[in-house]
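Asks: Can you read through this structure? Questions will come right after.
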Amino acid sequence: MSASIEHMNDHRTRFNRSVFLSFLLVCYDLIAIHIGYFVPLWARFDFVFSRIPGKYLDLYLHTCTVYAIATVLVFWLFRLYKSVLRFASYSELLRILQASILTSVVYAICLHAFIGRMPVSYYLWGGLLQLVLVAGVRFSYRFFMLLRASHKQNDESAGRVMLIGAGSAGQVILRDISTTQVTNDNVVCIIDDDQEKWNRYLDNVPIVGGREDILANVEKYHVNKI
């Protein structure tokens, strides 16, 4: 009974952490979008705020917040707040690219056609900066976790793991072991029967041979977990 309660509490904690992370991402995106579109406008007038014509500043102030909120809703539809950031990959980048292009193009068309005209650089650089800022924070988290994994590799007290299989499932397991905070284990080598993968690397971990090489590499890499 106590184990079940503990499991429920752990599940609730993880859920609350996930919700909180999504909330932080939403807040960050709202700020990033405002910054992304203000900087090109500011730069257009030599980074002197007083030089920005009032009509441009008014258009920015009256439209950017509405645009930012609408963009966050689109990002939600593209599942950008439900991704596991430590596994951020091409799929996430593609969805960020699609959502950012869609929202920035619609914003430019609506603003230019129905509300008022802004400098061309506002649309082009604003959309680009939005993309960079939104993608950057998501992939910087993975970069941080990779740095943490690199630190684990230099930790002599870490468990030394041999991973069996260098396919897509093996890659997921490798990244999970490398980035998790639950265990201090470190994958030191990988076994795979596909000879084309031998002497290559998967996320900086060597693929050392097939199943017949397991015992030799257990000794070579001082493996204590498989």
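Residues in the structure tokens are named by chain (A, B, ... in the order shown) and by number from 1 within that chain; ligands are numbered from 1 in the order shown.
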Which neighbours of Leu94 (chain A) fall inside 12 Å, counting only C-alpha atoms, when residues of the same chain fewer than 5 positions from it are skipped, and could you give them as a list in words?
Replies: Phe78, Arg79, Leu80, Ala88, Ser89, Ala99, Ser100, Ile101, Leu131 and Ala135 of chain A
Asks: As number ranges by chain, please: every residue in region 161-226 of chain A that a backbone DSSP assignment puts in strand (DSSP E or B).
Replies: A: 161-164, 186-191, 200-202, 205-209, 225
Asks: Which of these residues is nearest to Gln130 (chain A), using only C-alpha atoms: A:Val188, A:Val72, A:Leu21, A:Ile177?
Replies: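 So, comparing all the options, the nearest one is A:Val72.
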Asks: To one decimal in Å, tell me the separation between CA of Pro53 (chain A) and CA of Leu30 (chain A).
Replies: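 Computing it gives 24.1 Å between the two atoms.
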Asks: Just want the 9 Å neighbourhood of region 57-59 of chain A, counted on only C-alpha atoms, with same-chain residues fewer than 5 positions away dropped. Output as a short mmCIF file (atom, residue, chain, number, x, y, z; two decimals) with all heavy atoms, in the first residue's frame.
Replies:
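out17.cif, freshly written:
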data_model
loop_
_atom_site.label_atom_id
_atom_site.label_comp_id
_atom_site.auth_asym_id
_atom_site.auth_seq_id
_atom_site.Cartn_x
_atom_site.Cartn_y
_atom_site.Cartn_z
N LEU A 41 12.94 46.62 -35.06
CA LEU A 41 12.39 47.97 -35.14
C LEU A 41 13.36 48.97 -34.52
O LEU A 41 13.61 50.05 -35.07
CB LEU A 41 11.04 48.03 -34.43
CG LEU A 41 10.29 49.36 -34.49
CD1 LEU A 41 9.96 49.72 -35.94
CD2 LEU A 41 9.01 49.28 -33.66
N ILE A 52 12.41 56.22 -33.15
CA ILE A 52 11.36 55.36 -33.70
C ILE A 52 10.10 56.20 -33.89
O ILE A 52 9.57 56.77 -32.92
CB ILE A 52 11.05 54.18 -32.78
CG1 ILE A 52 12.31 53.35 -32.52
CG2 ILE A 52 9.96 53.29 -33.37
CD1 ILE A 52 12.12 52.21 -31.53
N CYS A 64 1.65 43.50 -31.19
CA CYS A 64 2.61 42.44 -30.87
C CYS A 64 2.11 41.52 -29.76
O CYS A 64 2.32 40.31 -29.81
CB CYS A 64 3.96 43.04 -30.49
SG CYS A 64 5.31 41.81 -30.55
N LEU A 111 -0.97 42.47 -40.76
CA LEU A 111 -0.54 43.81 -40.36
C LEU A 111 -0.42 44.72 -41.58
O LEU A 111 -0.91 45.86 -41.57
CB LEU A 111 0.80 43.71 -39.64
CG LEU A 111 1.34 44.99 -38.99
CD1 LEU A 111 0.36 45.51 -37.95
CD2 LEU A 111 2.70 44.73 -38.35
N ILE A 115 -3.99 46.65 -41.12
CA ILE A 115 -3.79 47.52 -39.96
C ILE A 115 -2.85 48.68 -40.28
O ILE A 115 -3.20 49.84 -40.09
CB ILE A 115 -3.24 46.70 -38.76
CG1 ILE A 115 -4.20 45.55 -38.43
CG2 ILE A 115 -3.05 47.61 -37.54
CD1 ILE A 115 -3.73 44.64 -37.34
N GLY A 116 -1.66 48.38 -40.74
CA GLY A 116 -0.69 49.43 -41.05
C GLY A 116 0.62 48.83 -41.51
O GLY A 116 0.89 47.65 -41.27
N ARG A 117 1.43 49.63 -42.17
CA ARG A 117 2.68 49.15 -42.73
C ARG A 117 3.85 49.43 -41.79
O ARG A 117 3.95 50.52 -41.22
CB ARG A 117 2.94 49.78 -44.09
CG ARG A 117 1.90 49.41 -45.14
CD ARG A 117 2.27 49.95 -46.49
NE ARG A 117 1.30 49.51 -47.50
CZ ARG A 117 1.41 49.76 -48.80
NH1 ARG A 117 2.46 50.46 -49.25
NH2 ARG A 117 0.50 49.34 -49.65
N MET A 118 4.70 48.42 -41.67
CA MET A 118 5.92 48.54 -40.89
C MET A 118 7.11 48.40 -41.85
O MET A 118 6.95 47.92 -42.98
CB MET A 118 5.97 47.45 -39.82
CG MET A 118 4.88 47.54 -38.78
SD MET A 118 5.14 48.90 -37.61
CE MET A 118 6.23 48.10 -36.43
#
Asks: Just the number, please: distance in Å from CA of Tyr81 (chain A) to CA of Thr65 (chain A), one decimal.
Replies: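 If I compute the distance from CA of Tyr81 (chain A) to CA of Thr65 (chain A), I get 19.3 Å.
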Asks: Pick the closest to Tyr123 (chain A) from A:Leu73, A:Val26, A:Ile214, A:Val39: which is it, counting only C-alpha atoms?
Replies: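 The answer is A:Val39, which sits nearest to Tyr123 (chain A).
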Asks: For CA of Glu219 (chain A) and CA of Asp194 (chain A), determine how far apart the two atoms are, in Å to one decimal place.
Replies: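 Distance between the two atoms: 21.5 Å.
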Asks: From region 19-126 of chain A, collect each residue whose DSSP state is helix (DSSP H, G or I) and return the set as an MDAnalysis selection string.
Replies: chainID A and resid 19:44 49:51 54:77 85:87 90:115 120:126
Asks: Which one is closest to Val134 (chain A): A:Cys189, A:Cys110, A:Val205, A:Ala68? Count only C-alpha atoms.
Replies: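 Looking at the shortest contact to Val134 (chain A), the residue is A:Ala68.
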Asks: Show me, as number ranges by chain, the residues that have an atom within 8 Å of Pro206 (chain A) when counting only C-alpha atoms, minus same-chain residues fewer than 4 positions from it.
Replies: A: 188-190, 199-202
Asks: Hey, what's within 12 Å of Gly170 (chain A) if we count only C-alpha atoms and toss same-chain stuff fewer than 2 positions away? As a tab-separated table (two decimals) with C-alpha atoms, in the first residue's frame, please?
Replies:
chain	number	residue	atom	x	y	z
A	162	MET	CA	27.80	-1.69	-21.71
A	163	LEU	CA	24.82	-1.05	-23.96
A	164	ILE	CA	23.56	-3.86	-26.21
A	165	GLY	CA	22.18	-2.51	-29.50
A	166	ALA	CA	23.07	0.61	-31.50
A	167	GLY	CA	19.70	1.13	-33.20
A	168	SER	CA	17.12	3.80	-32.56
A	172	VAL	CA	17.04	6.51	-26.76
A	173	ILE	CA	18.34	4.37	-23.88
A	174	LEU	CA	21.80	5.92	-24.22
A	175	ARG	CA	20.45	9.45	-24.04
A	176	ASP	CA	18.20	8.54	-21.13
A	177	ILE	CA	21.10	7.10	-19.13
A	187	VAL	CA	27.64	4.14	-20.98
A	189	CYS	CA	30.77	1.12	-24.98
A	190	ILE	CA	28.10	-0.37	-27.23
A	191	ILE	CA	27.69	-3.85	-28.71
A	192	ASP	CA	25.89	-4.40	-32.01
A	202	LEU	CA	26.86	6.81	-31.18
A	203	ASP	CA	26.65	10.10	-29.27
A	205	VAL	CA	30.25	6.31	-27.31
A	207	ILE	CA	30.49	0.73	-30.96
Asks: Write out as a list in words the residues lying within 8 Å of His222 (chain A), counting only C-alpha atoms and excluding same-chain residues fewer than 4 positions away.
Replies: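 Here the qualifying residues turn out to be Arg160, Asn217 and Val218 of chain A.
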